[in-house]
$ cat query_14.csv   # CSV, C-alpha atoms and all ligand atoms
chain,number,residue,atom,x,y,z
A,1,MET,CA,114.5,58.9,125.5
A,2,SER,CA,111.0,60.0,126.4
A,3,THR,CA,110.4,60.8,130.1
A,4,LEU,CA,106.6,61.4,130.0
A,5,SER,CA,103.7,59.1,129.9
A,6,ALA,CA,101.1,59.3,127.1
A,7,ASP,CA,98.7,60.9,129.5
A,8,GLN,CA,101.2,63.6,130.6
A,9,ILE,CA,102.0,64.4,126.9
A,10,GLU,CA,98.3,64.8,126.2
A,11,SER,CA,97.6,67.0,129.2
A,12,LEU,CA,100.6,69.2,128.5
A,13,SER,CA,99.5,69.6,124.9
A,14,GLU,CA,96.0,70.6,126.1
A,15,HIS,CA,97.5,73.0,128.7
A,16,LEU,CA,99.6,74.8,126.0
A,17,GLU,CA,96.9,74.8,123.4
A,18,SER,CA,94.4,76.4,125.8
A,19,ALA,CA,96.9,79.1,126.6
A,20,GLU,CA,97.2,79.7,122.8
A,21,LEU,CA,93.4,79.7,122.2
A,22,GLN,CA,92.7,81.9,125.2
A,23,ALA,CA,95.8,84.2,124.6
A,24,ARG,CA,97.0,83.7,128.2
A,25,ALA,CA,100.7,83.4,129.3
A,26,VAL,CA,101.7,80.3,131.3
A,27,HIS,CA,104.9,79.2,133.1
A,28,LYS,CA,107.4,77.3,130.9
A,29,ILE,CA,106.6,73.6,131.2
A,30,THR,CA,110.2,72.6,132.2
A,31,ASP,CA,109.6,74.5,135.5
A,32,ASP,CA,107.3,71.5,136.5
A,33,TYR,CA,109.0,68.9,134.3
A,34,PRO,CA,112.7,69.6,134.4
A,35,ASP,CA,113.7,66.3,132.7
A,36,LEU,CA,111.4,66.9,129.8
A,37,ASP,CA,113.5,66.2,126.6
A,38,PHE,CA,113.3,66.9,122.9
A,39,GLU,CA,111.4,63.7,122.2
A,40,ASP,CA,108.8,64.6,124.8
A,41,ALA,CA,108.6,68.1,123.5
A,42,TYR,CA,108.0,67.1,119.9
A,43,ALA,CA,105.5,64.5,121.1
A,44,ILE,CA,103.5,67.3,122.8
A,45,GLN,CA,103.7,69.4,119.6
A,46,TRP,CA,102.4,66.5,117.5
A,47,ALA,CA,99.6,65.9,120.0
A,48,THR,CA,98.5,69.5,119.5
A,49,ARG,CA,98.7,69.2,115.8
A,50,ARG,CA,96.5,66.0,115.9
A,51,ARG,CA,94.0,67.8,118.2
A,52,LYS,CA,93.7,70.7,115.8
A,53,GLU,CA,93.2,68.3,112.8
A,54,ALA,CA,90.5,66.4,114.7
A,55,ARG,CA,88.7,69.7,115.3
A,56,GLY,CA,88.7,70.4,111.5
A,57,ASN,CA,91.7,72.7,111.2
A,58,ARG,CA,93.9,72.0,108.2
A,59,ILE,CA,97.7,71.9,108.5
A,60,ILE,CA,98.8,74.1,105.6
A,61,GLY,CA,102.5,74.5,106.3
A,62,LEU,CA,105.6,74.1,108.4
A,63,LYS,CA,108.1,76.4,109.8
A,64,MET,CA,111.7,76.4,111.0
A,65,GLY,CA,112.7,78.6,113.9
A,66,LEU,CA,116.0,79.7,115.5
A,67,THR,CA,117.8,79.3,112.2
A,68,SER,CA,119.7,82.6,112.3
A,69,ARG,CA,122.4,83.9,114.7
A,70,ALA,CA,120.3,86.9,115.4
A,71,LYS,CA,117.4,84.8,116.6
A,72,MET,CA,119.6,82.4,118.6
A,73,LYS,CA,121.2,85.3,120.3
A,74,GLN,CA,117.9,87.1,120.9
A,75,MET,CA,116.3,84.0,122.5
A,76,ASP,CA,119.5,82.6,124.1
A,77,VAL,CA,119.0,79.1,122.5
A,78,GLU,CA,121.3,77.4,120.1
A,79,GLU,CA,119.5,74.9,117.9
A,80,PRO,CA,117.0,75.1,115.1
A,81,ILE,CA,113.5,73.8,115.8
A,82,TYR,CA,110.4,73.2,113.7
A,83,GLY,CA,106.6,73.7,114.1
A,84,PHE,CA,103.4,73.4,112.1
A,85,LEU,CA,101.2,76.1,110.6
A,86,ALA,CA,97.4,75.6,110.8
A,87,ASP,CA,95.0,77.2,108.3
A,88,TYR,CA,93.7,79.9,110.8
A,89,PHE,CA,97.3,81.2,111.4
A,90,GLN,CA,97.2,82.8,108.0
A,91,GLU,CA,96.3,86.4,107.6
A,92,ALA,CA,95.8,88.1,104.3
A,93,GLU,CA,98.3,90.6,102.8
A,94,GLY,CA,97.2,94.0,104.2
A,95,ALA,CA,95.2,92.5,107.0
A,96,GLU,CA,94.3,94.0,110.3
A,97,VAL,CA,95.7,91.6,112.8
A,98,ASP,CA,93.7,91.5,116.0
A,99,THR,CA,96.1,91.8,119.0
A,100,SER,CA,93.4,90.9,121.5
A,101,LYS,CA,93.7,87.3,120.4
A,102,LEU,CA,97.5,87.4,121.0
A,103,ILE,CA,99.7,87.6,124.1
A,104,HIS,CA,102.8,89.6,123.2
A,105,PRO,CA,103.3,89.3,119.4
A,106,LYS,CA,106.6,89.9,117.6
A,107,VAL,CA,107.2,90.0,113.8
A,108,GLU,CA,109.9,88.3,111.8
A,109,ALA,CA,111.1,88.8,108.2
A,110,GLU,CA,111.3,85.4,106.5
A,111,ILE,CA,111.5,83.8,103.0
A,112,ALA,CA,108.7,81.3,102.4
A,113,PHE,CA,109.2,78.2,100.2
A,114,VAL,CA,106.3,76.5,98.4
A,115,THR,CA,107.1,72.9,97.3
A,116,LYS,CA,106.0,71.1,94.2
A,117,ALA,CA,107.4,67.7,95.1
A,118,PRO,CA,107.8,65.8,98.4
A,119,LEU,CA,111.1,66.2,100.3
A,120,ARG,CA,112.2,63.3,102.5
A,121,GLY,CA,115.3,62.8,104.6
A,122,PRO,CA,117.7,61.6,105.8
A,123,GLY,CA,120.3,63.1,103.6
A,124,CYS,CA,118.1,65.8,102.1
A,125,HIS,CA,120.3,68.6,100.6
A,126,VAL,CA,120.0,72.1,99.3
A,127,GLY,CA,120.0,70.9,95.7
A,128,GLN,CA,117.0,68.7,96.3
A,129,VAL,CA,115.2,71.5,98.1
A,130,LEU,CA,115.8,73.9,95.2
A,131,ALA,CA,114.6,71.3,92.6
A,132,ALA,CA,111.5,70.7,94.7
A,133,THR,CA,110.7,74.4,95.2
A,134,ASP,CA,107.8,75.7,93.1
A,135,PHE,CA,108.4,79.3,94.1
A,136,LEU,CA,109.5,81.7,96.9
A,137,ILE,CA,107.5,84.5,98.5
A,138,PRO,CA,108.3,87.0,101.2
A,139,ALA,CA,106.5,86.4,104.5
A,140,VAL,CA,106.2,88.0,107.9
A,141,GLU,CA,105.8,85.5,110.7
A,142,ILE,CA,104.0,86.8,113.8
A,143,ILE,CA,105.3,84.7,116.7
A,144,ASP,CA,103.6,84.7,120.1
A,145,SER,CA,105.2,82.5,122.8
A,146,ARG,CA,102.7,81.2,125.3
A,147,TYR,CA,105.4,81.6,128.0
A,148,GLU,CA,105.6,84.6,130.3
A,149,ASN,CA,108.0,87.3,129.1
A,150,PHE,CA,108.8,85.3,126.0
A,151,ARG,CA,111.4,83.4,128.0
A,152,PHE,CA,111.9,79.6,127.5
A,153,ASP,CA,114.3,76.8,126.9
A,154,LEU,CA,114.4,74.6,123.8
A,155,PRO,CA,112.1,71.8,125.0
A,156,SER,CA,109.5,74.3,126.3
A,157,VAL,CA,109.4,76.2,123.0
A,158,VAL,CA,109.2,73.0,120.9
A,159,ALA,CA,106.2,71.9,122.9
A,160,ASP,CA,104.7,75.3,122.3
A,161,ASN,CA,104.8,74.7,118.5
A,162,ALA,CA,107.8,77.0,118.2
A,163,SER,CA,105.8,80.1,119.2
A,164,SER,CA,103.8,79.9,116.0
A,165,SER,CA,100.8,82.1,115.9
A,166,ARG,CA,100.1,84.0,112.6
A,167,PHE,CA,101.8,84.7,109.3
A,168,VAL,CA,101.3,86.8,106.2
A,169,THR,CA,102.7,86.2,102.8
A,170,GLY,CA,102.7,88.7,100.0
A,171,GLY,CA,104.7,90.3,97.3
A,172,GLY,CA,105.5,88.4,94.2
A,173,MET,CA,106.6,84.9,93.7
A,174,MET,CA,110.1,84.2,92.5
A,175,SER,CA,111.6,81.1,91.1
A,176,PRO,CA,114.6,79.8,93.0
A,177,ARG,CA,116.4,79.7,89.6
A,178,GLU,CA,116.1,83.5,89.3
A,179,THR,CA,118.0,84.4,92.4
A,180,ASP,CA,120.9,83.6,94.8
A,181,LEU,CA,118.9,83.4,98.0
A,182,ARG,CA,122.1,84.1,100.1
A,183,THR,CA,122.3,87.7,98.9
A,184,VAL,CA,118.6,88.6,98.8
A,185,GLY,CA,118.3,91.6,101.1
A,186,VAL,CA,115.3,92.1,103.4
A,187,VAL,CA,114.1,95.2,105.3
A,188,LEU,CA,111.6,95.1,108.1
A,189,GLU,CA,109.8,98.4,108.7
A,190,LYS,CA,107.7,99.4,111.7
A,191,ASN,CA,105.6,102.5,111.3
A,192,GLY,CA,107.7,103.6,108.3
A,193,ASP,CA,111.1,103.2,109.9
A,194,PRO,CA,113.5,100.3,108.9
A,195,VAL,CA,114.0,98.5,112.2
A,196,GLU,CA,115.8,95.4,111.0
A,197,VAL,CA,117.8,94.6,107.9
A,198,GLY,CA,119.5,91.4,106.7
A,199,ALA,CA,120.2,89.0,103.9
A,200,GLY,CA,119.2,85.4,103.2
A,201,ALA,CA,122.6,84.0,104.2
A,202,ALA,CA,121.8,84.7,107.8
A,203,VAL,CA,119.6,81.5,107.7
A,204,ILE,CA,122.2,78.7,108.0
A,205,ASN,CA,124.2,80.2,105.1
A,206,HIS,CA,121.3,79.6,102.7
A,207,PRO,CA,117.5,79.5,103.4
A,208,ALA,CA,117.2,76.3,101.4
A,209,SER,CA,119.5,74.5,103.9
A,210,SER,CA,116.9,75.3,106.6
A,211,VAL,CA,114.3,73.4,104.5
A,212,ALA,CA,116.7,70.5,104.0
A,213,LEU,CA,117.2,70.4,107.8
A,214,LEU,CA,113.5,70.3,108.2
A,215,ALA,CA,113.2,67.3,105.9
A,216,ASN,CA,116.0,65.6,107.9
A,217,MET,CA,114.4,66.4,111.3
A,218,LEU,CA,111.0,65.1,110.1
A,219,ALA,CA,112.7,61.9,108.8
A,220,GLN,CA,113.4,61.0,112.5
A,221,ARG,CA,109.7,60.5,112.9
A,222,ASP,CA,109.4,58.9,109.4
A,223,GLU,CA,107.6,62.0,108.2
A,224,GLU,CA,108.2,64.0,105.0
A,225,ILE,CA,107.4,67.5,103.6
A,226,PRO,CA,104.5,66.9,101.2
A,227,ALA,CA,104.3,68.6,97.8
A,228,GLY,CA,102.4,71.9,98.1
A,229,THR,CA,103.6,72.8,101.6
A,230,LEU,CA,104.3,76.4,102.5
A,231,ILE,CA,107.5,76.5,104.6
A,232,LEU,CA,108.7,79.5,106.6
A,233,SER,CA,112.5,79.1,106.6
A,234,GLY,CA,113.1,81.2,109.8
A,235,GLY,CA,113.6,84.8,110.8
A,236,ILE,CA,116.5,86.4,109.1
A,237,THR,CA,116.9,89.2,111.7
A,238,ALA,CA,115.9,89.5,115.4
A,239,ALA,CA,112.1,89.6,116.0
A,240,VAL,CA,110.4,93.0,116.7
A,241,ALA,CA,107.7,93.5,119.3
A,242,VAL,CA,104.4,95.0,118.0
A,243,GLU,CA,101.2,96.3,119.5
A,244,ALA,CA,97.9,97.7,118.4
A,245,GLY,CA,98.4,100.7,116.2
A,246,ASP,CA,101.6,99.5,114.6
A,247,ASN,CA,102.0,99.1,110.8
A,248,VAL,CA,104.6,96.6,109.6
A,249,THR,CA,106.0,96.2,106.1
A,250,MET,CA,108.7,93.7,105.0
A,251,ARG,CA,110.5,94.2,101.7
A,252,ALA,CA,112.5,91.5,100.0
A,253,GLN,CA,114.8,92.3,97.1
A,254,GLY,CA,113.2,91.2,93.9
A,255,MET,CA,110.1,89.8,95.6
A,256,GLY,CA,108.1,93.0,96.5
A,257,SER,CA,106.7,93.6,99.9
A,258,VAL,CA,104.2,92.4,102.5
A,259,SER,CA,102.3,94.6,104.9
A,260,MET,CA,99.9,94.3,107.8
A,261,ARG,CA,98.4,96.5,110.5
A,262,PHE,CA,98.0,95.6,114.2
A,263,VAL,CA,94.7,96.6,115.8
A,301,LIG,C1,110.8,80.7,118.6
A,301,LIG,C2,110.4,80.7,117.2
A,301,LIG,C3,111.5,81.3,116.3
A,301,LIG,C4,112.2,81.9,113.9
A,301,LIG,O1,111.9,82.3,112.8
A,301,LIG,O2,113.4,82.0,114.3
A,301,LIG,C5,111.1,81.5,114.9
A,301,LIG,C6,110.8,82.1,119.2
A,301,LIG,O3,111.7,82.9,119.0
A,301,LIG,O4,109.8,82.4,120.0
A,301,LIG,O5,110.0,81.4,114.4
A,302,MG,MG,109.8,82.4,112.5
$ encode --input "query_14.csv" --output "C-alpha cells"
Amino acid sequence: MSTLSADQIESLSEHLESAELQARAVHKITDDYPDLDFEDAYAIQWATRRRKEARGNRIIGLKMGLTSRAKMKQMDVEEPIYGFLADYFQEAEGAEVDTSKLIHPKVEAEIAFVTKAPLRGPGCHVGQVLAATDFLIPAVEIIDSRYENFRFDLPSVVADNASSSRFVTGGGMMSPRETDLRTVGVVLEKNGDPVEVGAGAAVINHPASSVALLANMLAQRDEEIPAGTLILSGGITAAVAVEAGDNVTMRAQGMGSVSMRFV
C-alpha cells in the first residue's frame, strides 16, 4: 500500500537526486515520512530513473544489494533490494575516480552478469539465469549512500537507488559454463593489502540466484531484465571505505582483476 501522493514521490525523488548530483548528505527520508513503505520507496527510485532518462542518461544496468550476510550485518538490514545503473556511473578499468563528486564512498567486490536474453519473473530460477547469461566479469561497485553516516532503513535506501554511485568492470569475461560460481574466490585489496576475502556462495548461495530474485522482484511491476543488461549481483564481502589516495584492486579466481585509484 502506497502512503505518498504522486507529488510527494516526485519531490522526494528530486530531493535525493539533488543530494546525489551535489554530493551532499541528507537526513534519511523516513525521519520525515515514518510510514513510507517499500512501494513508495520503489516509486521514488523509478521516478529518479525516469528523470535521468528524460535528461538523456541511459540506463545500462541493474544491481542487487544486501544479498550477502556480510552486507546485511554491516548495514543492519535483512532483505535484498535492487537499483539501476546509469551510463555515467561507469568508470573505466584503471580509472582515477574523483572523490570530490562523492560523499563517503565504499567499495564492494562483486560478480557482474551480462545477459543475452531477457529474463522475466515470476518463477525465474537459477537455470534460466545461467542459460540467459552471455558472460561474467569481475566488478567493483562504489556505493555512496546519500544519507548521513551511511545509516538508513530499507525504504530509505531503496528510495536512494540502493546507494548506487559508480562501478568499474574489468578482468576477463568467463562463461557461466566454465565455472561453479559458488566456489569462485574473490580478494579485495586496498593499497596492496587484502582487506576482504570471500566466495560467490556468500550471495544467496549462488550469485545467479540474486539475478533470479531481481527478475522476480521486477515482475511485481511488470518489468523484465532486458537482453544485454549488466547486472551487479551484490557485494560478496562487507564494503570498505575509501578516500583520495587509495588504490583498490579486486581479484576474482579465473576472471583476472579490476583496479582503480581514488583521487
Ligand atoms: C546498500 C547497497 C548495497 C550491495 O552490493 O550489497 C549493495 C548499501 O549498503 O549502502 O550495493
Ligand atoms: Mg553492491
$ residues_near_ligand --input "query_14.csv" --ligand "ligand LIG 301 (chain A)" --cutoff "10 Å" --atoms "all atoms listed in the file" --output "PyMOL selection string"
chain A and resi 63-77+80-83+105-111+140-147+150-154+157-158+160-165+203+232-239
$ closest_atom_pairs --input "query_14.csv" --of "range 90-158 of chain A" --to "range 18-31 of chain A" --cutoff "6 Å" --atoms "only C-alpha atoms" --output "tab-separated table"
residue	atom	partner	partner_atom	distance
A:Lys101	CA	A:Ala23	CA	5.6
A:Leu102	CA	A:Ala23	CA	5.1
A:Ile103	CA	A:Ala23	CA	5.2
A:Arg146	CA	A:Ala25	CA	5.0
A:Tyr147	CA	A:Val26	CA	5.1
A:Glu148	CA	A:Ala25	CA	5.1
A:Ser156	CA	A:Ile29	CA	5.7
$ write_last_selection --input "query_14.csv" --atoms "C-alpha atoms" --output "compact mmCIF listing (two decimals), keeping the file's coordinate frame"
# COMPACT_ATOMS: atom_id res chain seq x y z
CA LYS A 101 93.70 87.30 120.40
CA LEU A 102 97.50 87.40 121.00
CA ILE A 103 99.70 87.60 124.10
CA ARG A 146 102.70 81.20 125.30
CA TYR A 147 105.40 81.60 128.00
CA GLU A 148 105.60 84.60 130.30
CA SER A 156 109.50 74.30 126.30
$ residues_around --input "query_14.csv" --residues "range 136-139 of chain A" --least-positions-apart "2" --cutoff "9 Å" --atoms "all atoms listed in the file" --output "PDB file with C-alpha atoms, keeping the file's coordinate frame"
ATOM      1  CA  GLU A 108     109.900  88.300 111.800  1.00  0.00           C
ATOM      2  CA  ALA A 109     111.100  88.800 108.200  1.00  0.00           C
ATOM      3  CA  GLU A 110     111.300  85.400 106.500  1.00  0.00           C
ATOM      4  CA  ILE A 111     111.500  83.800 103.000  1.00  0.00           C
ATOM      5  CA  ALA A 112     108.700  81.300 102.400  1.00  0.00           C
ATOM      6  CA  PHE A 113     109.200  78.200 100.200  1.00  0.00           C
ATOM      7  CA  VAL A 114     106.300  76.500  98.400  1.00  0.00           C
ATOM      8  CA  THR A 133     110.700  74.400  95.200  1.00  0.00           C
ATOM      9  CA  ASP A 134     107.800  75.700  93.100  1.00  0.00           C
ATOM     10  CA  GLU A 141     105.800  85.500 110.700  1.00  0.00           C
ATOM     11  CA  PHE A 167     101.800  84.700 109.300  1.00  0.00           C
ATOM     12  CA  VAL A 168     101.300  86.800 106.200  1.00  0.00           C
ATOM     13  CA  THR A 169     102.700  86.200 102.800  1.00  0.00           C
ATOM     14  CA  GLY A 170     102.700  88.700 100.000  1.00  0.00           C
ATOM     15  CA  GLY A 171     104.700  90.300  97.300  1.00  0.00           C
ATOM     16  CA  GLY A 172     105.500  88.400  94.200  1.00  0.00           C
ATOM     17  CA  MET A 173     106.600  84.900  93.700  1.00  0.00           C
ATOM     18  CA  MET A 174     110.100  84.200  92.500  1.00  0.00           C
ATOM     19  CA  SER A 175     111.600  81.100  91.100  1.00  0.00           C
ATOM     20  CA  PRO A 176     114.600  79.800  93.000  1.00  0.00           C
ATOM     21  CA  VAL A 186     115.300  92.100 103.400  1.00  0.00           C
ATOM     22  CA  LEU A 232     108.700  79.500 106.600  1.00  0.00           C
ATOM     23  CA  MET A 250     108.700  93.700 105.000  1.00  0.00           C
ATOM     24  CA  ARG A 251     110.500  94.200 101.700  1.00  0.00           C
ATOM     25  CA  ALA A 252     112.500  91.500 100.000  1.00  0.00           C
ATOM     26  CA  MET A 255     110.100  89.800  95.600  1.00  0.00           C
ATOM     27  CA  GLY A 256     108.100  93.000  96.500  1.00  0.00           C
ATOM     28  CA  SER A 257     106.700  93.600  99.900  1.00  0.00           C
ATOM     29  CA  VAL A 258     104.200  92.400 102.500  1.00  0.00           C
TER      30      VAL A 258
END
$ atom_distance --input "query_14.csv" --atom1 "CA of Leu36 in chain A" --atom2 "CA of Glu53 in chain A"
24.9 Å
$ residues_around --input "query_14.csv" --residues "Asn247 in chain A" --least-positions-apart "6" --cutoff "12 Å" --atoms "all atoms listed in the file" --output "CSV table (one decimal) with C-alpha atoms, in the coordinates of the input"
chain,number,residue,atom,x,y,z
A,94,GLY,CA,97.2,94.0,104.2
A,95,ALA,CA,95.2,92.5,107.0
A,96,GLU,CA,94.3,94.0,110.3
A,97,VAL,CA,95.7,91.6,112.8
A,107,VAL,CA,107.2,90.0,113.8
A,188,LEU,CA,111.6,95.1,108.1
A,189,GLU,CA,109.8,98.4,108.7
A,190,LYS,CA,107.7,99.4,111.7
A,191,ASN,CA,105.6,102.5,111.3
A,192,GLY,CA,107.7,103.6,108.3
A,193,ASP,CA,111.1,103.2,109.9
A,194,PRO,CA,113.5,100.3,108.9
A,240,VAL,CA,110.4,93.0,116.7
A,241,ALA,CA,107.7,93.5,119.3
A,258,VAL,CA,104.2,92.4,102.5
A,259,SER,CA,102.3,94.6,104.9
A,260,MET,CA,99.9,94.3,107.8
A,261,ARG,CA,98.4,96.5,110.5
A,262,PHE,CA,98.0,95.6,114.2
A,263,VAL,CA,94.7,96.6,115.8
$ atom_distance --input "query_14.csv" --atom1 "CA of Glu39 in chain A" --atom2 "CA of Lys116 in chain A"
29.5 Å
$ atom_distance --input "query_14.csv" --atom1 "CA of Glu224 in chain A" --atom2 "CA of Gly56 in chain A"
21.5 Å
$ closest_residue --input "query_14.csv" --among "A:Leu62, A:Ala131, A:Ala227, A:Ala212" --to "ligand MG 302 (chain A)" --atoms "all atoms listed in the file"
A:Leu62
$ closest_residue --input "query_14.csv" --among "A:Leu85, A:Ala199, A:Gly123, A:Ala159" --to "ligand MG 302 (chain A)" --atoms "all atoms listed in the file"
A:Leu85
$ closest_residue --input "query_14.csv" --among "A:Arg182, A:Val242, A:Gln253, A:Arg166" --to "ligand MG 302 (chain A)" --atoms "only C-alpha atoms and all ligand atoms"
A:Arg166
$ residues_around --input "query_14.csv" --residues "Glu10 in chain A" --least-positions-apart "4" --cutoff "12 Å" --atoms "only C-alpha atoms" --output "list in words"
Leu4, Ser5, Ala6, Glu14, His15, Leu16, Glu17, Asp40, Ala41, Tyr42, Ala43, Ile44, Gln45, Trp46, Ala47, Thr48, Arg49, Arg50, Arg51 and Ala159 of chain A
$ closest_residue --input "query_14.csv" --among "A:Met1, A:Asp37, A:Pro155, A:Phe84" --to "ligand MG 302 (chain A)" --atoms "only C-alpha atoms and all ligand atoms"
A:Phe84
$ closest_residue --input "query_14.csv" --among "A:Glu223, A:Asp32, A:Asp7, A:Asp87" --to "Lys52 in chain A" --atoms "all atoms listed in the file"
A:Asp87
$ closest_residue --input "query_14.csv" --among "A:Ile231, A:Ala244, A:Cys124, A:Ile225" --to "ligand MG 302 (chain A)" --atoms "only C-alpha atoms and all ligand atoms"
A:Ile231
